[in-house]
Amino acid sequence: EEHTGRRASTMVPHADLIDAKKKKVLTNPPLWGHFLRASVSNIRKNKVTYCMGFFACLMVVFVVALLTTVLAKAPLIFLRLSELTNSEVDVRIAAGDWSGYTGINFTKLTEIIPDTLKTPRLSFAAGFVSDAACRSLTPKDGLRLPMDTMWKYNPWPSDGAESCDPAAIATDCFYKHCGKQSWASMLLIDSTREAAMGFGRSWPYPPIPRGHAYFNKILADKHNITAGSIIYISVSFSGLSQALHISMSSGSKHPTRLYLPFNVSVLYPKPFGKHDFEQEDLILVEYGEFMNHVHDNLPRQFLSSSEVQSWLNFNLYDFAHTVSLNLPAPRIDKYLSSNYDEIQEAVLSFADPLFFTLGWNALSTSLPVLDGLSQTKLISLFLGLVLNLIIFILLSLSVLLIYSLLMINVDSRTFEIGVMRMIGSQRNGIIMMLLTQAFLYAIPAWVFGLGFAQSAAMGIKASVSSLLGIEDISPILTWDGILLGCFLGLLTPVAASIVPIRAALGKNLQDSLDTRQSKTQAVKVSISRADSSSAISWDTVAIGFCLSLFGASIYYGLPLALLTMNLGLLLNIFFVILVAMLLGMVLLCLNLQRFVETGLIKIFFFWENRALRSVLSKNLVAHRDRNQKTSIMYALSLGFIIFVSIAASLQIETIQYAKQQSHGAYMEVRSYSSYSLEDGSVVSLRSVAKQLESIAKNDPHIEKWTWISETLHRTIPKVTGTFATHTGYLFSRSGVDVYAISPGFFDTTIQGFLKVESSNYPDEDVARSLYEDVGYGGALVSSLWKDKLGLELEQEFLLGINVKTQSTKNGMEATSIDAYEESYFCHLRALGFLDAAPAFKYSPFPLIEHQTVLVSFPTFANLTGGYLKSAEDVPLGRFLVKIPADLDKTARDKLQSRLSSAAGGHGWVYNYGHDVEPLEIPTTIITYIFSLTTFIAMFICFFSLMSSMFTNVYEQTKEIGVLRALGVKTNQMHRVYVYEAFVLVMASSCLGILIGMAIGYAMTMQQSLFTQLPIPFIFPWVIMVTVFVGSILFAVVASWAPVHHVMSMQIVQIFRYV
């Protein structure tokens, strides 16, 4: 048969070659070779179809293998965040306070555990002053050389002359010339050991030379110290010698302090993982060079030669305050899990044997990286949930795409298959032919896909390593990625061929050979028999089994996860529920697809020719089965993209919201409340309150300010804790922190975190209600107490205060071990119930036991039982200032420096801008990951839409020919199919947006519930519009090419096209 259009005939095997009665078709090598040649011949004649299938499989293998590998490394984001915040140390040990020891012998420790990566550190408080601050003295005194060791230890002469007498021992000369010193922490580090163990991987500076020091830039800017400056560091001579156990002659007069000159060679701007991000008052000195530098600067005029020699001979490695240890290589593999429990198990399996070997009962231990991960474990689990959902959806889209392409390929070869059946081919031969063709593009695509994925993984590894500062990331594809790539590249085409093959063989021979009738069927009739052969519906059995398994897992697994607090199991259950919800919404939307399409035709094409609208509507009905796969993919993909965009912003905002809620303001001054004075009271900001308020009044960037007191149990000596109960004392809530706040507190804090469950006052005035006439003795308490303690508004409850006292037994005074607690009670009234509040812990759920009670300053003073005489005596713990959220970094840093100078040694300044700096890298990587998945999803959808429109056009060549013969113009036919693609994509996009919004909103509410943060639902309008416009452009491009090809033929050619 001659065809002037696309030829339908190919190399058809002779009937006697495929006679199943004479030969075993599926095991006959000559037949495989024959079908291979036939398939190659078909490929040559249908290059476009083959290229679509090849590139679709190539893309699927490439994307799945690469993305699975990339997503497997996603937990490194939170590892890096923890390292930047808490330092790059897995295990840190120190001598326990109870052990009687002040340090650890690192030399001995190295002998006990020689193969472990470890390094010593030593830190102590040190005063320092810049050489530039010292008064210039006359050259005759020999005081112009900073490294001179004589003049710093001489007394200031009584006659006030500008000279120092070297005949006596005192420190007056140094202080008179150089003024008041500032305080910082000197940290001795072993740069070589730390570099070898990966402690500060991105640290860009060389080992610290002898006589040099590295300054934290924030500390340097605060005290006007520049690179190249000379500073004098003052340490206690007796304290240092006693700490290091260096014996000194008791009869000799020794200086009270050592003055060590250092050259400030580096001002490092950030920790680079060397220490905690919040440690800003640090001076770094080389561990191995410190004692040599001390020896060089000892005041030998006051020391004997044996004493000087003892300082020189002392091995500082015999004494370390802390020892830091890291997991063996490959270290990061232990952290490649989004489940915190699994990471904890891996770290403890390394740490526990070390603790046992070194003597756990004498050691104080910490796990810095693990502690940081514990703060983000919920966010990490949610990110893992999202990433698992990404993999599942991309796998589903990939399978649908391959299935759609195979179905289209088989449909386009209906005539050829009919010819083969007519000349005697058996079913096995046809199956073998179709499988051969599937493998012809599946195997090359699999090979090239894995190769390209490996190349891309190596490139991504370099970028990620640069961003995270982690060099030992494996560039090799993960086994999960390789196996999924093999599954999709090799097995999926075979599995996806089953339905198309059944469809091809299910047609009767006459329909297959009929080239005069259109292949598009607008009406279908299904006949169901009621005989025993159809008594079992396997589809119903499968659905019932899946639903039963789903229900059983929820019914048992959910209570198990809640009772055992297994967050990993809980999130896996949520993943199953989320997938079920997503698929359910897609199926629901499919039933609305036709209604949406009809509405879109009326809305967008009301102006179009009525006959053309009728053809458009009938095309959509006739192509419903094929378009349904494209609709599913578009609805699923667009819903997935919207959901992923919401989830991405959600993970980032959760971390930021947690920091904002914890501090309540973008900048605050906090007292050093962990230090106690000799009388038992705590260090307070009370003595610097006027200076801080003066800055707040005069600084144009500060809008308002407010105060928070110290907590009650730290204010009163010997108070061990507070609790709340009601009058009957049947139920109580322990772990209560009582604070006093200023009247305008909630006006100053970051808005959005205050959630008032009930109060007789407006939300913005609940703090002021504490200062009204009825507010004395009032308190703002958790809404949880409303149920647990049976409280109502204005109802009294008891605040219990536990006080440690000394008991006597048998007339003898008890020891401190025999001390016990007594409780006294104060009456308070509930003026408001809070669900959440900035800067404090409030929650309506019993899981959060440690909660807050807020009172006025007069009420706080009254609760101390006379210890504080008035509200003016209440120790101030925090000074919050309200500044614009978008205040630039320079202005923030200047304000921080001014507040820090005013606070002096009483407190430190929290700067939200500095706190979120470590989030920049994780935010960048998370954005890249989700942007990549968005692009991939849209690319897969474009392939599906293009293949669907390609088949729709070529299967309707007969109808197109009839319409062209009746006088329909070429541009009208173009419009019909472009409109069809537009309506199809627009309807699917609208439904996909609804799906994405619903799933995203549900996840936002769930994460808000878990984290107890008022996270708002933010719809990604920009991404939605971008994807929406892209979908429409895809529709036009995908439909224009096949229509243009058919329209370029003569009408006679269109009729003869098969």
# chains A, B, ... in the order shown; residues from 1 in each chain; ligands from 1
$ residues_around --residues "Phe723 of chain A" --least-positions-apart "6" --cutoff "10 Å" --atoms "only C-alpha atoms" --output "list of chain:residue names"
A:Ser732, A:Arg733, A:Ser734, A:Gly735, A:Val736, A:Asp737, A:Val738, A:Leu798, A:Leu799, A:Gly800, A:Ile801, A:Asn802, A:Ser823, A:Phe825, A:His850, A:Gln851, A:Val853
$ write_last_selection --atoms "N, CA, C and O atoms" --output "PDB file, in the first residue's frame"
ATOM      1  N   SER A 732      -0.681  20.624  90.915  1.00  0.00           N
ATOM      2  CA  SER A 732       0.309  21.704  90.843  1.00  0.00           C
ATOM      3  C   SER A 732       1.055  21.614  89.522  1.00  0.00           C
ATOM      4  O   SER A 732       1.076  20.573  88.880  1.00  0.00           O
ATOM      5  N   ARG A 733       1.664  22.737  89.136  1.00  0.00           N
ATOM      6  CA  ARG A 733       2.483  22.793  87.933  1.00  0.00           C
ATOM      7  C   ARG A 733       3.869  23.260  88.336  1.00  0.00           C
ATOM      8  O   ARG A 733       4.061  24.369  88.828  1.00  0.00           O
ATOM      9  N   SER A 734       4.844  22.374  88.192  1.00  0.00           N
ATOM     10  CA  SER A 734       6.214  22.709  88.576  1.00  0.00           C
ATOM     11  C   SER A 734       6.923  23.381  87.410  1.00  0.00           C
ATOM     12  O   SER A 734       6.408  23.449  86.299  1.00  0.00           O
ATOM     13  N   GLY A 735       8.157  23.831  87.672  1.00  0.00           N
ATOM     14  CA  GLY A 735       8.935  24.461  86.625  1.00  0.00           C
ATOM     15  C   GLY A 735       8.369  25.770  86.150  1.00  0.00           C
ATOM     16  O   GLY A 735       8.210  25.994  84.947  1.00  0.00           O
ATOM     17  N   VAL A 736       8.045  26.663  87.073  1.00  0.00           N
ATOM     18  CA  VAL A 736       7.463  27.958  86.728  1.00  0.00           C
ATOM     19  C   VAL A 736       8.526  29.042  86.883  1.00  0.00           C
ATOM     20  O   VAL A 736       9.220  29.099  87.897  1.00  0.00           O
ATOM     21  N   ASP A 737       8.668  29.870  85.866  1.00  0.00           N
ATOM     22  CA  ASP A 737       9.570  31.019  85.930  1.00  0.00           C
ATOM     23  C   ASP A 737       8.742  32.285  86.083  1.00  0.00           C
ATOM     24  O   ASP A 737       7.836  32.545  85.279  1.00  0.00           O
ATOM     25  N   VAL A 738       9.044  33.083  87.105  1.00  0.00           N
ATOM     26  CA  VAL A 738       8.305  34.316  87.384  1.00  0.00           C
ATOM     27  C   VAL A 738       9.174  35.504  86.994  1.00  0.00           C
ATOM     28  O   VAL A 738      10.319  35.624  87.438  1.00  0.00           O
ATOM     29  N   LEU A 798      -2.127  29.899  93.948  1.00  0.00           N
ATOM     30  CA  LEU A 798      -0.978  29.980  94.841  1.00  0.00           C
ATOM     31  C   LEU A 798       0.317  29.803  94.062  1.00  0.00           C
ATOM     32  O   LEU A 798       0.433  28.887  93.243  1.00  0.00           O
ATOM     33  N   LEU A 799       1.256  30.688  94.340  1.00  0.00           N
ATOM     34  CA  LEU A 799       2.599  30.536  93.801  1.00  0.00           C
ATOM     35  C   LEU A 799       3.489  30.013  94.915  1.00  0.00           C
ATOM     36  O   LEU A 799       3.704  30.693  95.921  1.00  0.00           O
ATOM     37  N   GLY A 800       3.977  28.786  94.743  1.00  0.00           N
ATOM     38  CA  GLY A 800       4.838  28.187  95.747  1.00  0.00           C
ATOM     39  C   GLY A 800       6.295  28.481  95.475  1.00  0.00           C
ATOM     40  O   GLY A 800       6.757  28.411  94.328  1.00  0.00           O
ATOM     41  N   ILE A 801       7.045  28.840  96.514  1.00  0.00           N
ATOM     42  CA  ILE A 801       8.468  29.160  96.394  1.00  0.00           C
ATOM     43  C   ILE A 801       9.233  28.205  97.295  1.00  0.00           C
ATOM     44  O   ILE A 801       9.027  28.175  98.513  1.00  0.00           O
ATOM     45  N   ASN A 802      10.108  27.398  96.688  1.00  0.00           N
ATOM     46  CA  ASN A 802      10.906  26.432  97.437  1.00  0.00           C
ATOM     47  C   ASN A 802      12.197  27.090  97.908  1.00  0.00           C
ATOM     48  O   ASN A 802      12.938  27.662  97.101  1.00  0.00           O
ATOM     49  N   SER A 823       8.567  25.301 101.609  1.00  0.00           N
ATOM     50  CA  SER A 823       7.820  26.093 100.642  1.00  0.00           C
ATOM     51  C   SER A 823       6.976  27.131 101.355  1.00  0.00           C
ATOM     52  O   SER A 823       6.386  26.844 102.399  1.00  0.00           O
ATOM     53  N   PHE A 825       4.002  30.273 100.324  1.00  0.00           N
ATOM     54  CA  PHE A 825       3.057  30.532  99.246  1.00  0.00           C
ATOM     55  C   PHE A 825       2.658  31.999  99.204  1.00  0.00           C
ATOM     56  O   PHE A 825       2.551  32.667 100.244  1.00  0.00           O
ATOM     57  N   HIS A 850       7.544  23.526  81.411  1.00  0.00           N
ATOM     58  CA  HIS A 850       8.238  24.682  81.985  1.00  0.00           C
ATOM     59  C   HIS A 850       7.656  25.949  81.372  1.00  0.00           C
ATOM     60  O   HIS A 850       7.955  26.281  80.225  1.00  0.00           O
ATOM     61  N   GLN A 851       6.820  26.682  82.122  1.00  0.00           N
ATOM     62  CA  GLN A 851       6.140  27.845  81.565  1.00  0.00           C
ATOM     63  C   GLN A 851       6.343  29.067  82.469  1.00  0.00           C
ATOM     64  O   GLN A 851       7.028  28.999  83.489  1.00  0.00           O
ATOM     65  N   VAL A 853       5.178  32.913  84.362  1.00  0.00           N
ATOM     66  CA  VAL A 853       4.202  33.793  85.006  1.00  0.00           C
ATOM     67  C   VAL A 853       4.765  35.208  84.942  1.00  0.00           C
ATOM     68  O   VAL A 853       5.898  35.458  85.363  1.00  0.00           O
TER      69      VAL A 853
END
$ residues_around --residues "segment 345-354 of chain A" --least-positions-apart "6" --cutoff "8 Å" --atoms "only C-alpha atoms" --output "number ranges by chain"
A: 90-91, 327, 334, 370
$ residues_around --residues "Gln896 of chain A" --least-positions-apart "6" --cutoff "9 Å" --atoms "only C-alpha atoms" --output "list in words"
Met667, Glu668, Val669, Val909, Tyr910 and Asn911 of chain A
$ write_last_selection --atoms "all heavy atoms" --output "PDB file, in the first residue's frame"
ATOM      1  N   MET A 667      17.040  43.300  68.951  1.00  0.00           N
ATOM      2  CA  MET A 667      18.250  43.605  69.716  1.00  0.00           C
ATOM      3  C   MET A 667      17.882  43.750  71.180  1.00  0.00           C
ATOM      4  O   MET A 667      16.838  44.323  71.519  1.00  0.00           O
ATOM      5  CB  MET A 667      18.920  44.884  69.196  1.00  0.00           C
ATOM      6  CG  MET A 667      20.284  45.148  69.806  1.00  0.00           C
ATOM      7  SD  MET A 667      21.169  46.495  68.978  1.00  0.00           S
ATOM      8  CE  MET A 667      21.500  45.751  67.378  1.00  0.00           C
ATOM      9  N   GLU A 668      18.713  43.208  72.034  1.00  0.00           N
ATOM     10  CA  GLU A 668      18.478  43.304  73.478  1.00  0.00           C
ATOM     11  C   GLU A 668      19.797  43.224  74.218  1.00  0.00           C
ATOM     12  O   GLU A 668      20.793  42.705  73.699  1.00  0.00           O
ATOM     13  CB  GLU A 668      17.540  42.196  73.963  1.00  0.00           C
ATOM     14  CG  GLU A 668      18.126  40.794  73.858  1.00  0.00           C
ATOM     15  CD  GLU A 668      17.342  39.766  74.667  1.00  0.00           C
ATOM     16  OE1 GLU A 668      16.882  40.121  75.768  1.00  0.00           O
ATOM     17  OE2 GLU A 668      17.226  38.622  74.208  1.00  0.00           O
ATOM     18  N   VAL A 669      19.787  43.750  75.432  1.00  0.00           N
ATOM     19  CA  VAL A 669      20.936  43.623  76.334  1.00  0.00           C
ATOM     20  C   VAL A 669      20.548  42.628  77.417  1.00  0.00           C
ATOM     21  O   VAL A 669      19.505  42.778  78.057  1.00  0.00           O
ATOM     22  CB  VAL A 669      21.314  44.982  76.959  1.00  0.00           C
ATOM     23  CG1 VAL A 669      22.546  44.828  77.841  1.00  0.00           C
ATOM     24  CG2 VAL A 669      21.556  46.022  75.881  1.00  0.00           C
ATOM     25  N   VAL A 909      25.200  42.056  74.489  1.00  0.00           N
ATOM     26  CA  VAL A 909      24.173  42.507  73.555  1.00  0.00           C
ATOM     27  C   VAL A 909      23.869  41.403  72.554  1.00  0.00           C
ATOM     28  O   VAL A 909      24.783  40.855  71.920  1.00  0.00           O
ATOM     29  CB  VAL A 909      24.601  43.789  72.828  1.00  0.00           C
ATOM     30  CG1 VAL A 909      23.513  44.252  71.869  1.00  0.00           C
ATOM     31  CG2 VAL A 909      24.918  44.889  73.840  1.00  0.00           C
ATOM     32  N   TYR A 910      22.580  41.108  72.409  1.00  0.00           N
ATOM     33  CA  TYR A 910      22.124  40.163  71.383  1.00  0.00           C
ATOM     34  C   TYR A 910      21.716  40.944  70.147  1.00  0.00           C
ATOM     35  O   TYR A 910      20.934  41.886  70.226  1.00  0.00           O
ATOM     36  CB  TYR A 910      20.937  39.340  71.884  1.00  0.00           C
ATOM     37  CG  TYR A 910      20.256  38.549  70.782  1.00  0.00           C
ATOM     38  CD1 TYR A 910      20.791  37.346  70.342  1.00  0.00           C
ATOM     39  CD2 TYR A 910      19.091  39.017  70.171  1.00  0.00           C
ATOM     40  CE1 TYR A 910      20.178  36.627  69.319  1.00  0.00           C
ATOM     41  CE2 TYR A 910      18.478  38.314  69.158  1.00  0.00           C
ATOM     42  CZ  TYR A 910      19.021  37.111  68.739  1.00  0.00           C
ATOM     43  OH  TYR A 910      18.414  36.411  67.726  1.00  0.00           O
ATOM     44  N   ASN A 911      22.257  40.541  68.994  1.00  0.00           N
ATOM     45  CA  ASN A 911      21.961  41.177  67.711  1.00  0.00           C
ATOM     46  C   ASN A 911      21.365  40.114  66.797  1.00  0.00           C
ATOM     47  O   ASN A 911      22.055  39.174  66.387  1.00  0.00           O
ATOM     48  CB  ASN A 911      23.232  41.764  67.101  1.00  0.00           C
ATOM     49  CG  ASN A 911      22.953  42.572  65.835  1.00  0.00           C
ATOM     50  OD1 ASN A 911      21.914  42.425  65.197  1.00  0.00           O
ATOM     51  ND2 ASN A 911      23.901  43.436  65.475  1.00  0.00           N
TER      52      ASN A 911
END
$ atom_distance --atom1 "atom CA of His223 of chain A" --atom2 "atom CA of Ser182 of chain A"
8.3 Å
$ closest_residue --among "A:Ser1008, A:Tyr50, A:Val576, A:Gly790" --to "Ile554 of chain A" --atoms "only C-alpha atoms"
A:Val576
$ select_by_dssp --residues "segment 763-873 of chain A" --states "alpha helix (DSSP H)" --output "number ranges by chain"
A: 784-788, 857-863
$ select_by_dssp --residues "segment 307-401 of chain A" --states "strand (DSSP E)" --output "list of chain:residue names"
A:Thr322, A:Val323, A:Ser324, A:Leu325, A:Asn326, A:Leu363, A:Ser364, A:Thr365, A:Ser366
$ atom_distance --atom1 "atom CA of Leu509 of chain A" --atom2 "atom CA of Ile423 of chain A"
11.1 Å
$ residues_around --residues "segment 284-296 of chain A" --least-positions-apart "3" --cutoff "10 Å" --atoms "only C-alpha atoms" --output "PyMOL selection string"
chain A and resi 120-123+147+149+185-192+207-216+258-262+264+266+299-300+308-317+320
$ atom_distance --atom1 "atom CA of Met565 of chain A" --atom2 "atom CA of Leu549 of chain A"
22.4 Å
$ residues_around --residues "segment 616-619 of chain A" --least-positions-apart "5" --cutoff "9 Å" --atoms "only C-alpha atoms" --output "ChimeraX atom specification"
/A:522,597-598,601,611,624,952,976-977,979-980
$ residues_around --residues "segment 856-870 of chain A" --least-positions-apart "4" --cutoff "10 Å" --atoms "only C-alpha atoms" --output "ChimeraX atom specification"
/A:707-709,711-713,715-717,738-743,767-772,775-780,799,801,824-828,874-875
$ decode --residues "segment 296-394 of chain A" --atoms "C-alpha atoms" --output "PDB file, in the first residue's frame"
ATOM      1  CA  ASP A 296      60.161  35.493  77.214  1.00  0.00           C
ATOM      2  CA  ASN A 297      58.179  38.110  79.140  1.00  0.00           C
ATOM      3  CA  LEU A 298      58.657  36.998  82.736  1.00  0.00           C
ATOM      4  CA  PRO A 299      59.827  39.816  85.064  1.00  0.00           C
ATOM      5  CA  ARG A 300      63.185  38.145  85.755  1.00  0.00           C
ATOM      6  CA  GLN A 301      64.203  40.899  88.108  1.00  0.00           C
ATOM      7  CA  PHE A 302      61.696  39.491  90.613  1.00  0.00           C
ATOM      8  CA  LEU A 303      62.170  35.763  89.944  1.00  0.00           C
ATOM      9  CA  SER A 304      64.979  33.366  90.702  1.00  0.00           C
ATOM     10  CA  SER A 305      66.668  31.484  87.875  1.00  0.00           C
ATOM     11  CA  SER A 306      65.099  28.198  89.063  1.00  0.00           C
ATOM     12  CA  GLU A 307      61.636  29.774  88.980  1.00  0.00           C
ATOM     13  CA  VAL A 308      62.222  31.068  85.471  1.00  0.00           C
ATOM     14  CA  GLN A 309      63.444  27.599  84.442  1.00  0.00           C
ATOM     15  CA  SER A 310      60.362  25.937  85.916  1.00  0.00           C
ATOM     16  CA  TRP A 311      58.156  28.127  83.719  1.00  0.00           C
ATOM     17  CA  LEU A 312      60.237  27.184  80.689  1.00  0.00           C
ATOM     18  CA  ASN A 313      60.174  23.476  81.444  1.00  0.00           C
ATOM     19  CA  PHE A 314      56.452  23.266  82.031  1.00  0.00           C
ATOM     20  CA  ASN A 315      54.629  21.268  79.333  1.00  0.00           C
ATOM     21  CA  LEU A 316      51.284  22.963  78.784  1.00  0.00           C
ATOM     22  CA  TYR A 317      49.938  19.794  77.139  1.00  0.00           C
ATOM     23  CA  ASP A 318      49.949  18.253  80.620  1.00  0.00           C
ATOM     24  CA  PHE A 319      47.198  20.685  81.515  1.00  0.00           C
ATOM     25  CA  ALA A 320      44.131  21.497  79.446  1.00  0.00           C
ATOM     26  CA  HIS A 321      40.784  22.869  80.489  1.00  0.00           C
ATOM     27  CA  THR A 322      38.920  21.024  77.750  1.00  0.00           C
ATOM     28  CA  VAL A 323      39.678  18.367  75.174  1.00  0.00           C
ATOM     29  CA  SER A 324      37.691  18.351  71.932  1.00  0.00           C
ATOM     30  CA  LEU A 325      37.199  15.117  70.001  1.00  0.00           C
ATOM     31  CA  ASN A 326      35.673  14.394  66.604  1.00  0.00           C
ATOM     32  CA  LEU A 327      34.235  11.298  64.992  1.00  0.00           C
ATOM     33  CA  PRO A 328      36.581   9.350  62.701  1.00  0.00           C
ATOM     34  CA  ALA A 329      36.358   9.778  58.935  1.00  0.00           C
ATOM     35  CA  PRO A 330      34.014   9.691  57.140  1.00  0.00           C
ATOM     36  CA  ARG A 331      32.588  11.840  59.907  1.00  0.00           C
ATOM     37  CA  ILE A 332      29.669  13.379  58.030  1.00  0.00           C
ATOM     38  CA  ASP A 333      28.155   9.980  57.220  1.00  0.00           C
ATOM     39  CA  LYS A 334      27.018   9.767  60.852  1.00  0.00           C
ATOM     40  CA  TYR A 335      24.952  12.925  60.352  1.00  0.00           C
ATOM     41  CA  LEU A 336      23.258  11.989  57.050  1.00  0.00           C
ATOM     42  CA  SER A 337      19.841  11.419  58.550  1.00  0.00           C
ATOM     43  CA  SER A 338      16.897  13.704  59.156  1.00  0.00           C
ATOM     44  CA  ASN A 339      15.989  11.632  62.233  1.00  0.00           C
ATOM     45  CA  TYR A 340      17.694  13.094  65.304  1.00  0.00           C
ATOM     46  CA  ASP A 341      17.378   9.821  67.223  1.00  0.00           C
ATOM     47  CA  GLU A 342      19.466   7.990  64.621  1.00  0.00           C
ATOM     48  CA  ILE A 343      22.177  10.669  64.718  1.00  0.00           C
ATOM     49  CA  GLN A 344      22.183  10.624  68.513  1.00  0.00           C
ATOM     50  CA  GLU A 345      22.626   6.868  68.524  1.00  0.00           C
ATOM     51  CA  ALA A 346      25.581   7.110  66.124  1.00  0.00           C
ATOM     52  CA  VAL A 347      27.333   9.847  68.139  1.00  0.00           C
ATOM     53  CA  LEU A 348      26.768   8.151  71.491  1.00  0.00           C
ATOM     54  CA  SER A 349      28.089   4.857  70.157  1.00  0.00           C
ATOM     55  CA  PHE A 350      31.370   6.736  69.625  1.00  0.00           C
ATOM     56  CA  ALA A 351      31.295   8.835  72.786  1.00  0.00           C
ATOM     57  CA  ASP A 352      30.159   6.303  75.404  1.00  0.00           C
ATOM     58  CA  PRO A 353      33.224   4.001  75.135  1.00  0.00           C
ATOM     59  CA  LEU A 354      35.475   7.056  75.413  1.00  0.00           C
ATOM     60  CA  PHE A 355      33.714   8.261  78.543  1.00  0.00           C
ATOM     61  CA  PHE A 356      33.993   4.811  80.099  1.00  0.00           C
ATOM     62  CA  THR A 357      37.690   4.497  79.218  1.00  0.00           C
ATOM     63  CA  LEU A 358      38.610   7.950  80.514  1.00  0.00           C
ATOM     64  CA  GLY A 359      36.474   7.752  83.664  1.00  0.00           C
ATOM     65  CA  TRP A 360      32.987   9.091  83.159  1.00  0.00           C
ATOM     66  CA  ASN A 361      32.466   9.784  86.865  1.00  0.00           C
ATOM     67  CA  ALA A 362      35.231  12.432  86.908  1.00  0.00           C
ATOM     68  CA  LEU A 363      34.413  14.102  83.597  1.00  0.00           C
ATOM     69  CA  SER A 364      32.080  16.872  82.574  1.00  0.00           C
ATOM     70  CA  THR A 365      30.969  16.045  79.034  1.00  0.00           C
ATOM     71  CA  SER A 366      29.068  17.789  76.268  1.00  0.00           C
ATOM     72  CA  LEU A 367      28.138  17.090  72.645  1.00  0.00           C
ATOM     73  CA  PRO A 368      28.142  20.533  70.952  1.00  0.00           C
ATOM     74  CA  VAL A 369      27.065  19.519  67.429  1.00  0.00           C
ATOM     75  CA  LEU A 370      24.391  17.169  68.759  1.00  0.00           C
ATOM     76  CA  ASP A 371      23.121  19.898  71.092  1.00  0.00           C
ATOM     77  CA  GLY A 372      22.753  22.210  68.109  1.00  0.00           C
ATOM     78  CA  LEU A 373      20.938  19.558  66.091  1.00  0.00           C
ATOM     79  CA  SER A 374      18.513  18.983  68.950  1.00  0.00           C
ATOM     80  CA  GLN A 375      17.301  22.573  68.556  1.00  0.00           C
ATOM     81  CA  THR A 376      16.426  21.995  64.900  1.00  0.00           C
ATOM     82  CA  LYS A 377      15.369  18.346  65.060  1.00  0.00           C
ATOM     83  CA  LEU A 378      11.711  19.088  64.399  1.00  0.00           C
ATOM     84  CA  ILE A 379      12.570  21.316  61.457  1.00  0.00           C
ATOM     85  CA  SER A 380      14.970  18.679  60.147  1.00  0.00           C
ATOM     86  CA  LEU A 381      12.273  16.022  60.385  1.00  0.00           C
ATOM     87  CA  PHE A 382       9.819  18.226  58.541  1.00  0.00           C
ATOM     88  CA  LEU A 383      12.414  18.899  55.848  1.00  0.00           C
ATOM     89  CA  GLY A 384      12.983  15.147  55.576  1.00  0.00           C
ATOM     90  CA  LEU A 385       9.231  14.700  55.201  1.00  0.00           C
ATOM     91  CA  VAL A 386       9.147  17.249  52.389  1.00  0.00           C
ATOM     92  CA  LEU A 387      12.153  15.681  50.652  1.00  0.00           C
ATOM     93  CA  ASN A 388      10.588  12.219  50.809  1.00  0.00           C
ATOM     94  CA  LEU A 389       7.441  13.689  49.294  1.00  0.00           C
ATOM     95  CA  ILE A 390       9.522  15.296  46.543  1.00  0.00           C
ATOM     96  CA  ILE A 391      11.097  11.951  45.646  1.00  0.00           C
ATOM     97  CA  PHE A 392       7.715  10.198  45.692  1.00  0.00           C
ATOM     98  CA  ILE A 393       6.057  12.781  43.437  1.00  0.00           C
ATOM     99  CA  LEU A 394       8.947  12.914  40.991  1.00  0.00           C
TER     100      LEU A 394
END
